[in-house]
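Asker: Next up is a structure, given as C-alpha coordinates.
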Amino acid sequence: MKAIVSVIGKDKKGIIAKVSNALYDMDVNIEDISQTILQEYFTMIMAVEICENAPRFDEIKSALNKLGEKIGVQIQIQLKSIFDSMHNISLTKNN
(Lines give C-alpha, C1' and ligand atoms only; values in the text may rest on other atoms or scores of the structure.)
Protein backbone atom coordinates (compact mmCIF):
# COMPACT_ATOMS: atom_id res chain seq x y z
CA MET A 1 0.00 0.00 0.00
CA LYS A 2 1.43 3.38 -1.00
CA ALA A 3 1.20 6.53 1.11
CA ILE A 4 2.48 10.10 1.30
CA VAL A 5 4.16 11.37 4.49
CA SER A 6 4.69 15.08 5.10
CA VAL A 7 6.75 16.70 7.85
CA ILE A 8 6.69 20.42 8.66
CA GLY A 9 8.23 22.37 11.52
CA LYS A 10 11.10 24.48 12.77
CA ASP A 11 14.39 23.04 11.61
CA LYS A 12 16.47 21.12 14.12
CA LYS A 13 19.04 18.37 14.06
CA GLY A 14 17.85 14.79 13.53
CA ILE A 15 14.37 15.21 12.01
CA ILE A 16 15.11 13.09 8.93
CA ALA A 17 16.88 10.42 10.99
CA LYS A 18 14.10 10.13 13.57
CA VAL A 19 11.27 9.98 11.03
CA SER A 20 13.06 7.55 8.72
CA ASN A 21 14.03 5.29 11.66
CA ALA A 22 10.41 5.27 12.89
CA LEU A 23 9.19 4.28 9.42
CA TYR A 24 11.84 1.56 9.18
CA ASP A 25 10.84 0.18 12.58
CA MET A 26 7.21 -0.06 11.35
CA ASP A 27 8.22 -1.86 8.11
CA VAL A 28 7.47 1.17 5.93
CA ASN A 29 9.86 1.66 3.00
CA ILE A 30 10.76 5.16 1.79
CA GLU A 31 10.61 5.12 -2.02
CA ASP A 32 11.23 8.82 -2.68
CA ILE A 33 12.02 11.83 -0.52
CA SER A 34 12.27 15.57 -0.94
CA GLN A 35 13.18 18.00 1.78
CA THR A 36 14.03 21.66 2.00
CA ILE A 37 14.67 24.35 4.56
CA LEU A 38 13.06 27.74 4.01
CA GLN A 39 14.57 30.22 6.46
CA GLU A 40 14.18 28.31 9.74
CA TYR A 41 11.34 26.04 8.57
CA PHE A 42 11.90 22.42 7.57
CA THR A 43 9.60 20.66 5.12
CA MET A 44 9.79 17.10 3.85
CA ILE A 45 7.54 14.91 1.74
CA MET A 46 8.05 11.20 1.24
CA ALA A 47 6.44 8.61 -1.00
CA VAL A 48 6.37 5.37 1.00
CA GLU A 49 5.33 1.75 0.61
CA ILE A 50 3.63 0.17 3.62
CA CYS A 51 4.84 -3.43 3.61
CA GLU A 52 2.68 -6.47 4.33
CA ASN A 53 4.05 -6.98 7.85
CA ALA A 54 3.58 -3.34 8.85
CA PRO A 55 1.13 -2.29 11.56
CA ARG A 56 -2.34 -1.15 10.53
CA PHE A 57 -2.50 2.28 8.84
CA ASP A 58 -4.18 3.92 11.85
CA GLU A 59 -1.40 2.60 14.13
CA ILE A 60 1.27 4.03 11.82
CA LYS A 61 -0.57 7.36 11.74
CA SER A 62 -0.84 7.45 15.54
CA ALA A 63 2.85 6.58 15.99
CA LEU A 64 3.90 9.33 13.57
CA ASN A 65 1.66 11.86 15.34
CA LYS A 66 3.26 10.96 18.68
CA LEU A 67 6.74 11.22 17.19
CA GLY A 68 5.89 14.62 15.73
CA GLU A 69 4.75 15.88 19.13
CA LYS A 70 7.93 14.51 20.72
CA ILE A 71 10.31 16.19 18.26
CA GLY A 72 8.26 19.36 17.72
CA VAL A 73 7.10 18.93 14.12
CA GLN A 74 3.82 18.07 12.42
CA ILE A 75 3.82 14.68 10.68
CA GLN A 76 0.93 13.59 8.49
CA ILE A 77 0.39 10.44 6.45
CA GLN A 78 -2.26 9.88 3.77
CA LEU A 79 -2.92 6.95 1.53
CA LYS A 80 -1.59 7.78 -1.93
CA SER A 81 -4.98 7.04 -3.49
CA ILE A 82 -6.64 9.70 -1.29
CA PHE A 83 -3.81 12.16 -1.89
CA ASP A 84 -4.13 11.65 -5.66
CA SER A 85 -7.93 12.03 -5.55
CA MET A 86 -7.68 15.30 -3.61
CA HIS A 87 -5.16 16.62 -6.14
CA ASN A 88 -7.38 15.63 -9.07
CA ILE A 89 -10.40 17.38 -7.51
CA SER A 90 -8.31 20.52 -6.99
CA LEU A 91 -7.13 20.50 -10.62
CA THR A 92 -10.65 19.96 -11.95
CA LYS A 93 -12.02 22.75 -9.76
CA ASN A 94 -9.40 25.24 -11.00
CA ASN A 95 -9.95 24.54 -14.72
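Naming works like this for the C-alpha coordinates: A, B, ... for the chains as they're shown, residue 1 at the start of each chain, ligands 1 onward in shown order.
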Using DSSP assignments from the backbone, pull out every residue in chain A that falls under strand (DSSP E or B) and give it to me as JSON, numbers by chain.
Answerer: {"A": [2, 3, 4, 5, 6, 7, 8, 9, 10, 28, 29, 30, 31, 32, 33, 34, 35, 36, 37, 38, 41, 42, 43, 44, 45, 46, 47, 48, 49, 50, 73, 74, 75, 76, 77, 78, 79]}
Asker: Show which residues sit within 7 Å of stretch 22-36 of chain A, as a ChimeraX atom specification. Count only C-alpha atoms, and ignore same-chain residues fewer than 4 positions away.
Answerer: /A:18,42-51,53-55
Asker: Would you return as an mmCIF file with N, CA and C atoms, in the first residue's frame the members of chain A that DSSP assigns to helix (DSSP H, G or I) on this structure's backbone?
Answerer:
data_model
loop_
_atom_site.group_PDB
_atom_site.id
_atom_site.type_symbol
_atom_site.label_atom_id
_atom_site.label_comp_id
_atom_site.auth_asym_id
_atom_site.auth_seq_id
_atom_site.Cartn_x
_atom_site.Cartn_y
_atom_site.Cartn_z
ATOM 1 N N ILE A 15 15.757 15.453 12.441
ATOM 2 C CA ILE A 15 14.374 15.205 12.013
ATOM 3 C C ILE A 15 14.315 14.055 11.006
ATOM 4 N N ILE A 16 15.142 14.131 9.965
ATOM 5 C CA ILE A 16 15.110 13.087 8.933
ATOM 6 C C ILE A 16 15.444 11.734 9.540
ATOM 7 N N ALA A 17 16.463 11.687 10.374
ATOM 8 C CA ALA A 17 16.881 10.422 10.988
ATOM 9 C C ALA A 17 15.774 9.828 11.852
ATOM 10 N N LYS A 18 15.130 10.641 12.661
ATOM 11 C CA LYS A 18 14.097 10.130 13.566
ATOM 12 C C LYS A 18 12.872 9.638 12.810
ATOM 13 N N VAL A 19 12.445 10.391 11.796
ATOM 14 C CA VAL A 19 11.269 9.983 11.026
ATOM 15 C C VAL A 19 11.582 8.736 10.209
ATOM 16 N N SER A 20 12.732 8.714 9.534
ATOM 17 C CA SER A 20 13.062 7.545 8.723
ATOM 18 C C SER A 20 13.279 6.302 9.581
ATOM 19 N N ASN A 21 13.871 6.442 10.760
ATOM 20 C CA ASN A 21 14.025 5.291 11.664
ATOM 21 C C ASN A 21 12.676 4.772 12.146
ATOM 22 N N ALA A 22 11.750 5.688 12.449
ATOM 23 C CA ALA A 22 10.412 5.265 12.887
ATOM 24 C C ALA A 22 9.706 4.491 11.773
ATOM 25 N N LEU A 23 9.805 4.981 10.553
ATOM 26 C CA LEU A 23 9.189 4.282 9.421
ATOM 27 C C LEU A 23 9.828 2.907 9.231
ATOM 28 N N TYR A 24 11.134 2.839 9.298
ATOM 29 C CA TYR A 24 11.844 1.560 9.177
ATOM 30 C C TYR A 24 11.361 0.569 10.238
ATOM 31 N N ASP A 25 11.269 1.044 11.475
ATOM 32 C CA ASP A 25 10.835 0.179 12.578
ATOM 33 C C ASP A 25 9.420 -0.359 12.380
ATOM 34 N N PHE A 57 -2.718 0.877 9.230
ATOM 35 C CA PHE A 57 -2.502 2.276 8.844
ATOM 36 C C PHE A 57 -2.774 3.231 10.005
ATOM 37 N N ASP A 58 -3.854 3.022 10.744
ATOM 38 C CA ASP A 58 -4.176 3.922 11.853
ATOM 39 C C ASP A 58 -3.126 3.861 12.956
ATOM 40 N N GLU A 59 -2.478 2.717 13.132
ATOM 41 C CA GLU A 59 -1.404 2.599 14.125
ATOM 42 C C GLU A 59 -0.156 3.357 13.661
ATOM 43 N N ILE A 60 0.141 3.281 12.377
ATOM 44 C CA ILE A 60 1.270 4.031 11.822
ATOM 45 C C ILE A 60 1.010 5.526 11.984
ATOM 46 N N LYS A 61 -0.202 5.948 11.631
ATOM 47 C CA LYS A 61 -0.572 7.364 11.742
ATOM 48 C C LYS A 61 -0.442 7.853 13.180
ATOM 49 N N SER A 62 -0.918 7.073 14.125
ATOM 50 C CA SER A 62 -0.836 7.447 15.536
ATOM 51 C C SER A 62 0.623 7.539 15.999
ATOM 52 N N ALA A 63 1.433 6.568 15.604
ATOM 53 C CA ALA A 63 2.850 6.578 15.989
ATOM 54 C C ALA A 63 3.567 7.794 15.417
ATOM 55 N N LEU A 64 3.267 8.157 14.173
ATOM 56 C CA LEU A 64 3.897 9.332 13.569
ATOM 57 C C LEU A 64 3.425 10.616 14.240
ATOM 58 N N ASN A 65 2.153 10.689 14.613
ATOM 59 C CA ASN A 65 1.656 11.861 15.343
ATOM 60 C C ASN A 65 2.375 12.024 16.671
ATOM 61 N N LYS A 66 2.558 10.915 17.391
ATOM 62 C CA LYS A 66 3.263 10.960 18.681
ATOM 63 C C LYS A 66 4.713 11.370 18.498
ATOM 64 N N LEU A 67 5.360 10.840 17.465
ATOM 65 C CA LEU A 67 6.743 11.220 17.187
ATOM 66 C C LEU A 67 6.823 12.705 16.875
ATOM 67 N N GLY A 68 5.902 13.203 16.053
ATOM 68 C CA GLY A 68 5.885 14.620 15.725
ATOM 69 C C GLY A 68 5.776 15.496 16.961
ATOM 70 N N GLU A 69 4.892 15.123 17.881
ATOM 71 C CA GLU A 69 4.753 15.877 19.127
ATOM 72 C C GLU A 69 6.056 15.845 19.921
ATOM 73 N N LYS A 70 6.687 14.690 19.947
ATOM 74 C CA LYS A 70 7.925 14.514 20.722
ATOM 75 C C LYS A 70 9.068 15.370 20.167
ATOM 76 N N ILE A 71 9.183 15.450 18.849
ATOM 77 C CA ILE A 71 10.307 16.185 18.262
ATOM 78 C C ILE A 71 9.931 17.599 17.803
ATOM 79 N N LYS A 80 -1.880 7.143 -0.643
ATOM 80 C CA LYS A 80 -1.594 7.785 -1.930
ATOM 81 C C LYS A 80 -2.860 7.935 -2.764
ATOM 82 N N SER A 81 -3.748 6.963 -2.703
ATOM 83 C CA SER A 81 -4.985 7.041 -3.492
ATOM 84 C C SER A 81 -5.833 8.250 -3.073
ATOM 85 N N ILE A 82 -5.885 8.538 -1.783
ATOM 86 C CA ILE A 82 -6.642 9.697 -1.292
ATOM 87 C C ILE A 82 -5.921 10.982 -1.678
ATOM 88 N N PHE A 83 -4.608 10.999 -1.506
ATOM 89 C CA PHE A 83 -3.812 12.161 -1.886
ATOM 90 C C PHE A 83 -4.010 12.484 -3.368
ATOM 91 N N ASP A 84 -3.933 11.455 -4.226
ATOM 92 C CA ASP A 84 -4.130 11.650 -5.663
ATOM 93 C C ASP A 84 -5.531 12.151 -5.975
ATOM 94 N N SER A 85 -6.550 11.602 -5.319
ATOM 95 C CA SER A 85 -7.933 12.031 -5.551
ATOM 96 C C SER A 85 -8.127 13.489 -5.164
ATOM 97 N N MET A 86 -7.558 13.898 -4.041
ATOM 98 C CA MET A 86 -7.677 15.297 -3.607
ATOM 99 C C MET A 86 -7.012 16.218 -4.616
ATOM 100 N N HIS A 87 -5.870 15.806 -5.146
ATOM 101 C CA HIS A 87 -5.159 16.618 -6.138
ATOM 102 C C HIS A 87 -5.976 16.716 -7.426
ATOM 103 N N ASN A 88 -6.574 15.620 -7.855
ATOM 104 C CA ASN A 88 -7.383 15.633 -9.072
ATOM 105 C C ASN A 88 -8.618 16.521 -8.924
ATOM 106 N N ILE A 89 -9.244 16.508 -7.759
ATOM 107 C CA ILE A 89 -10.404 17.376 -7.508
ATOM 108 C C ILE A 89 -9.972 18.833 -7.579
ATOM 109 N N SER A 90 -8.827 19.146 -6.977
ATOM 110 C CA SER A 90 -8.310 20.516 -6.990
ATOM 111 C C SER A 90 -8.025 20.973 -8.415
ATOM 112 N N LEU A 91 -7.420 20.126 -9.231
ATOM 113 C CA LEU A 91 -7.125 20.497 -10.617
ATOM 114 C C LEU A 91 -8.411 20.719 -11.410
ATOM 115 N N THR A 92 -9.385 19.843 -11.229
ATOM 116 C CA THR A 92 -10.655 19.956 -11.946
ATOM 117 C C THR A 92 -11.375 21.237 -11.546
ATOM 118 N N LYS A 93 -11.342 21.560 -10.265
ATOM 119 C CA LYS A 93 -12.021 22.750 -9.760
ATOM 120 C C LYS A 93 -11.401 24.024 -10.323
ATOM 121 N N ASN A 94 -10.093 24.035 -10.530
ATOM 122 C CA ASN A 94 -9.402 25.237 -11.004
ATOM 123 C C ASN A 94 -9.459 25.411 -12.513
#
Asker: Within 9 Å of A:Gly9, counting only C-alpha atoms, which residues show up once you throw out same-chain ones fewer than 5 positions away? Write them as number ranges by chain, please.
Answerer: A: 40-43, 72-75
Asker: Pull N, CA and C atoms from the residues just selected and write them as a PDB file, in the first residue's frame.
Answerer:
ATOM      1  N   GLU A  40      13.986  29.282   8.649  1.00  0.00           N
ATOM      2  CA  GLU A  40      14.181  28.314   9.745  1.00  0.00           C
ATOM      3  C   GLU A  40      13.165  27.169   9.717  1.00  0.00           C
ATOM      4  N   TYR A  41      12.396  27.058   8.642  1.00  0.00           N
ATOM      5  CA  TYR A  41      11.339  26.044   8.566  1.00  0.00           C
ATOM      6  C   TYR A  41      11.757  24.862   7.696  1.00  0.00           C
ATOM      7  N   PHE A  42      11.561  23.674   8.228  1.00  0.00           N
ATOM      8  CA  PHE A  42      11.900  22.424   7.570  1.00  0.00           C
ATOM      9  C   PHE A  42      10.632  21.829   6.974  1.00  0.00           C
ATOM     10  N   THR A  43      10.714  21.373   5.733  1.00  0.00           N
ATOM     11  CA  THR A  43       9.598  20.659   5.116  1.00  0.00           C
ATOM     12  C   THR A  43      10.145  19.418   4.412  1.00  0.00           C
ATOM     13  N   GLY A  72       8.681  17.992  17.995  1.00  0.00           N
ATOM     14  CA  GLY A  72       8.257  19.362  17.724  1.00  0.00           C
ATOM     15  C   GLY A  72       7.990  19.689  16.265  1.00  0.00           C
ATOM     16  N   VAL A  73       7.504  18.695  15.507  1.00  0.00           N
ATOM     17  CA  VAL A  73       7.100  18.932  14.120  1.00  0.00           C
ATOM     18  C   VAL A  73       5.718  18.321  13.901  1.00  0.00           C
ATOM     19  N   GLN A  74       5.109  18.664  12.774  1.00  0.00           N
ATOM     20  CA  GLN A  74       3.823  18.073  12.416  1.00  0.00           C
ATOM     21  C   GLN A  74       4.080  17.011  11.355  1.00  0.00           C
ATOM     22  N   ILE A  75       3.647  15.780  11.634  1.00  0.00           N
ATOM     23  CA  ILE A  75       3.824  14.685  10.683  1.00  0.00           C
ATOM     24  C   ILE A  75       2.449  14.169  10.299  1.00  0.00           C
TER      25      ILE A  75
END
Asker: Please, what distance in Å, to one decimal, runs between atom CA of A:Lys2 and atom CA of A:Gly14?
Answerer: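 Spanning atom CA of A:Lys2 to atom CA of A:Gly14 is a straight-line distance of 24.7 Å.
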Asker: One number please: atom CA of A:Arg56 to atom CA of A:Met1, in Å, one decimal.
Answerer: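 Computing the Euclidean distance for atom CA of A:Arg56 and atom CA of A:Met1 yields 10.8 Å.
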